[in-house]
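Inspection log for the structure reproduced underneath, given as structure tokens.
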Amino acid sequence: MTVRGLPMAVPAPGLPTRVRIHEVGARDGLQNEKSTVPTAVKAEFVHRLAEAGLTTIEATSFVHPKWVPQLADAEQLFPLLSGLPVELPVLVPNERGLDRALALGARRVAVFASATESFAKANLNRTVDESLAMFHPVVERAKAGGVHVRGYLSMCFGDPWEGAVPVPQVVRVCRALIDMGCDELSLGDTIGVATPGHVEELLTALGEEGIPVSALGVHFHDTYGQALANTLAALRHGVTTVDASAGGLGGCPFAKSATGNLATEDLVWMLTGLGIDTGVDLGHLVATSVWMAGRLGRPSPSRTVRALSHEDAEGQEGREAHKEQ
């Protein structure tokens, strides 16, 4: 599932030579699915993603099953992934979640903070500062055990209740997470409203605060079609970690409120065209997303998946027609 010689690699000045993709399809991509995805399917999905060359694959979340029923099988899933030669981060909302993750041998965990009071209340039933206080012992204990900690920060560019989010407000929470001990931060455009200039302004402000760009990743949603443009802006600023979801999983493209993740295939296509190494086999990845779309019973929203799987189908039809002649 590739087009011979395409995209043509034409490097652009000022960009990194390699980007690490933080694949979130198995966790963020599947967590909102209405129908329960069998544990065996989730495990095979992660295995296929690893075979495609992704080296960081967020596996699941150790939240209470009441809040995210789709991920209630974390204890059953994680052991099925233990032999993979990849990093398998997991989300832990509190110390109980950390206990569950550590008991299974997790070596990379993530906490999930908010830049706005409204989302902190809606998502965690706490104020921003109360949620940071809740995360502090989680991060402290994880670091004491030599576990890598990622800090997710949602609503960095806009909030559905509060509107525009002031850059200094985001910087304050980022500073708190770094001071707490987080090894890296993922800057989330949760409702997909960021634009390139806004991305550059926030990254500049974080640099002025003394937060190194090497500690930053970006997590864009494609609600308004800006995810790749925003990613390129981040790359120009020196960011080398980009979150993406295989097949664009993470929001129904047919719903008015959908805020689908940046599709990993769309990202890889762009990076390949820029001559940036990802280590990902695009054809294998597209095949994986087509397989997963079949398990979910709907087509992938990724433009690259649709284009390449259509190309492959047409090629197959042509080969079959030639055999009949």
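Quick note on naming: the chains in the structure tokens go A, B, ... in the order shown, residues restart at 1 in each chain, and ligands are numbered from 1 in order of appearance.
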Residue list (strand (DSSP E or B), DSSP) for segment 4-124 of chain A, as a ChimeraX atom specification: /A:18,20-23,56-57,60-61,87,90-91,108-114
Spatial neighbours of segment 290-295 of chain A, max dist 9 Å, only C-alpha atoms, sep filter under 5 positions, as a PyMOL selection string: chain A and resi 37+41+45+247+285+300+305-306+309
Go ahead and save the picked residues with all heavy atoms, as a PDB file, in the first residue's frame.
ATOM      1  N   VAL A  37     -14.221  -3.011  22.300  1.00  0.00           N
ATOM      2  CA  VAL A  37     -13.230  -3.653  21.427  1.00  0.00           C
ATOM      3  C   VAL A  37     -12.595  -4.789  22.219  1.00  0.00           C
ATOM      4  O   VAL A  37     -12.069  -4.563  23.316  1.00  0.00           O
ATOM      5  CB  VAL A  37     -12.152  -2.643  20.977  1.00  0.00           C
ATOM      6  CG1 VAL A  37     -11.119  -3.325  20.084  1.00  0.00           C
ATOM      7  CG2 VAL A  37     -12.796  -1.461  20.260  1.00  0.00           C
ATOM      8  N   VAL A  41      -8.139  -8.019  20.175  1.00  0.00           N
ATOM      9  CA  VAL A  41      -8.030  -7.105  19.032  1.00  0.00           C
ATOM     10  C   VAL A  41      -7.117  -5.940  19.385  1.00  0.00           C
ATOM     11  O   VAL A  41      -6.273  -5.524  18.586  1.00  0.00           O
ATOM     12  CB  VAL A  41      -9.419  -6.611  18.594  1.00  0.00           C
ATOM     13  CG1 VAL A  41      -9.307  -5.499  17.559  1.00  0.00           C
ATOM     14  CG2 VAL A  41     -10.247  -7.765  18.052  1.00  0.00           C
ATOM     15  N   PHE A  45      -3.620  -5.035  17.568  1.00  0.00           N
ATOM     16  CA  PHE A  45      -3.434  -3.683  17.046  1.00  0.00           C
ATOM     17  C   PHE A  45      -2.067  -3.145  17.469  1.00  0.00           C
ATOM     18  O   PHE A  45      -1.296  -2.642  16.645  1.00  0.00           O
ATOM     19  CB  PHE A  45      -4.562  -2.797  17.576  1.00  0.00           C
ATOM     20  CG  PHE A  45      -4.605  -1.399  17.018  1.00  0.00           C
ATOM     21  CD1 PHE A  45      -4.238  -1.117  15.704  1.00  0.00           C
ATOM     22  CD2 PHE A  45      -5.049  -0.338  17.811  1.00  0.00           C
ATOM     23  CE1 PHE A  45      -4.298   0.173  15.191  1.00  0.00           C
ATOM     24  CE2 PHE A  45      -5.119   0.950  17.321  1.00  0.00           C
ATOM     25  CZ  PHE A  45      -4.737   1.203  16.008  1.00  0.00           C
ATOM     26  N   GLY A 247      -4.673   5.752  11.721  1.00  0.00           N
ATOM     27  CA  GLY A 247      -5.982   5.821  11.088  1.00  0.00           C
ATOM     28  C   GLY A 247      -6.809   7.019  11.471  1.00  0.00           C
ATOM     29  O   GLY A 247      -7.958   7.146  11.055  1.00  0.00           O
ATOM     30  N   LEU A 285       1.826   0.410   8.000  1.00  0.00           N
ATOM     31  CA  LEU A 285       0.952   1.172   8.884  1.00  0.00           C
ATOM     32  C   LEU A 285      -0.438   1.337   8.278  1.00  0.00           C
ATOM     33  O   LEU A 285      -1.458   1.183   8.969  1.00  0.00           O
ATOM     34  CB  LEU A 285       1.574   2.546   9.168  1.00  0.00           C
ATOM     35  CG  LEU A 285       0.781   3.474  10.087  1.00  0.00           C
ATOM     36  CD1 LEU A 285       0.587   2.849  11.461  1.00  0.00           C
ATOM     37  CD2 LEU A 285       1.488   4.829  10.213  1.00  0.00           C
ATOM     38  N   SER A 300     -11.537   4.415   7.732  1.00  0.00           N
ATOM     39  CA  SER A 300     -10.631   5.325   8.437  1.00  0.00           C
ATOM     40  C   SER A 300     -10.825   6.753   7.940  1.00  0.00           C
ATOM     41  O   SER A 300     -10.983   6.980   6.739  1.00  0.00           O
ATOM     42  CB  SER A 300      -9.183   4.893   8.194  1.00  0.00           C
ATOM     43  OG  SER A 300      -8.288   5.918   8.582  1.00  0.00           O
ATOM     44  N   VAL A 305      -4.643   7.027   4.433  1.00  0.00           N
ATOM     45  CA  VAL A 305      -5.139   5.648   4.440  1.00  0.00           C
ATOM     46  C   VAL A 305      -6.121   5.453   3.296  1.00  0.00           C
ATOM     47  O   VAL A 305      -6.050   4.474   2.548  1.00  0.00           O
ATOM     48  CB  VAL A 305      -5.809   5.305   5.781  1.00  0.00           C
ATOM     49  CG1 VAL A 305      -6.533   3.965   5.691  1.00  0.00           C
ATOM     50  CG2 VAL A 305      -4.769   5.249   6.890  1.00  0.00           C
ATOM     51  N   ARG A 306      -7.030   6.389   3.118  1.00  0.00           N
ATOM     52  CA  ARG A 306      -8.036   6.249   2.064  1.00  0.00           C
ATOM     53  C   ARG A 306      -7.385   6.291   0.683  1.00  0.00           C
ATOM     54  O   ARG A 306      -7.736   5.496  -0.202  1.00  0.00           O
ATOM     55  CB  ARG A 306      -9.083   7.357   2.194  1.00  0.00           C
ATOM     56  CG  ARG A 306      -9.957   7.216   3.430  1.00  0.00           C
ATOM     57  CD  ARG A 306     -11.068   8.249   3.454  1.00  0.00           C
ATOM     58  NE  ARG A 306     -11.926   8.078   4.621  1.00  0.00           N
ATOM     59  CZ  ARG A 306     -13.057   8.727   4.807  1.00  0.00           C
ATOM     60  NH1 ARG A 306     -13.489   9.591   3.913  1.00  0.00           N
ATOM     61  NH2 ARG A 306     -13.779   8.519   5.901  1.00  0.00           N
ATOM     62  N   SER A 309      -5.101   2.986   0.296  1.00  0.00           N
ATOM     63  CA  SER A 309      -5.877   1.748   0.229  1.00  0.00           C
ATOM     64  C   SER A 309      -6.704   1.727  -1.054  1.00  0.00           C
ATOM     65  O   SER A 309      -6.907   0.671  -1.661  1.00  0.00           O
ATOM     66  CB  SER A 309      -6.778   1.601   1.458  1.00  0.00           C
ATOM     67  OG  SER A 309      -7.644   2.709   1.605  1.00  0.00           O
TER      68      SER A 309
END
Long-range neighbours of segment 269-271 of chain A as a PyMOL selection string, 9 Å cut-off, only C-alpha atoms, 6 positions minimum in chain: chain A and resi 6-7+9+18-19+228+277-278+282+304
Atomic separation - atom CA of Gly97 of chain A relative to atom CA of Ala215 of chain A, Å: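 Interatomic distance, atom CA of Ala215 of chain A to atom CA of Gly97 of chain A: 23.9 Å.
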All alpha helix (DSSP H) positions in segment 129-322 of chain A, as a ChimeraX atom specification: /A:129-144,167-180,196-208,227-236,264-273,282-296,303-322
Write out as a compact mmCIF listing (two decimals) with C-alpha atoms, in the first residue's frame the residues lying within 12 Å of Ala43 of chain A, counting only C-alpha atoms and excluding same-chain residues fewer than 6 positions away.
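Once everything was written out, this is part07.txt:
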# COMPACT_ATOMS: atom_id res chain seq x y z
CA GLY A 25 -4.30 5.10 18.72
CA ALA A 26 -4.59 2.16 21.10
CA ARG A 27 -5.46 4.39 24.05
CA VAL A 37 -13.23 -3.65 21.43
CA LEU A 49 1.78 -0.95 15.12
CA ALA A 50 5.10 -2.14 16.52
CA ILE A 57 2.88 3.12 21.56
CA GLU A 58 0.58 4.31 24.33
CA ALA A 59 -1.08 1.08 25.40
CA THR A 60 -3.95 1.81 27.77
CA ASP A 73 -9.28 -4.44 30.51
CA ALA A 74 -5.94 -2.72 31.24
CA GLN A 76 -5.64 -8.13 30.92
CA LEU A 77 -4.16 -6.20 27.98
CA PHE A 78 -0.82 -5.01 29.31
CA PRO A 79 0.68 -8.50 29.94
CA LEU A 80 -0.12 -9.43 26.31
CA LEU A 81 2.30 -6.70 25.19
CA SER A 82 5.21 -7.47 27.50
CA GLY A 83 7.45 -9.02 24.84
CA LEU A 84 7.36 -6.09 22.43
CA LEU A 88 4.52 1.24 26.19
CA MET A 292 -8.50 -1.90 12.48
Phe62 of chain A environment, 8 Å, only C-alpha atoms, sequence neighbours closer than 4 positions dropped, as a list in words: Leu71, Ala72, Ala74, Val90, Leu91, Val92, Pro93, Gly97, Leu98, Arg100 and Ala101 of chain A
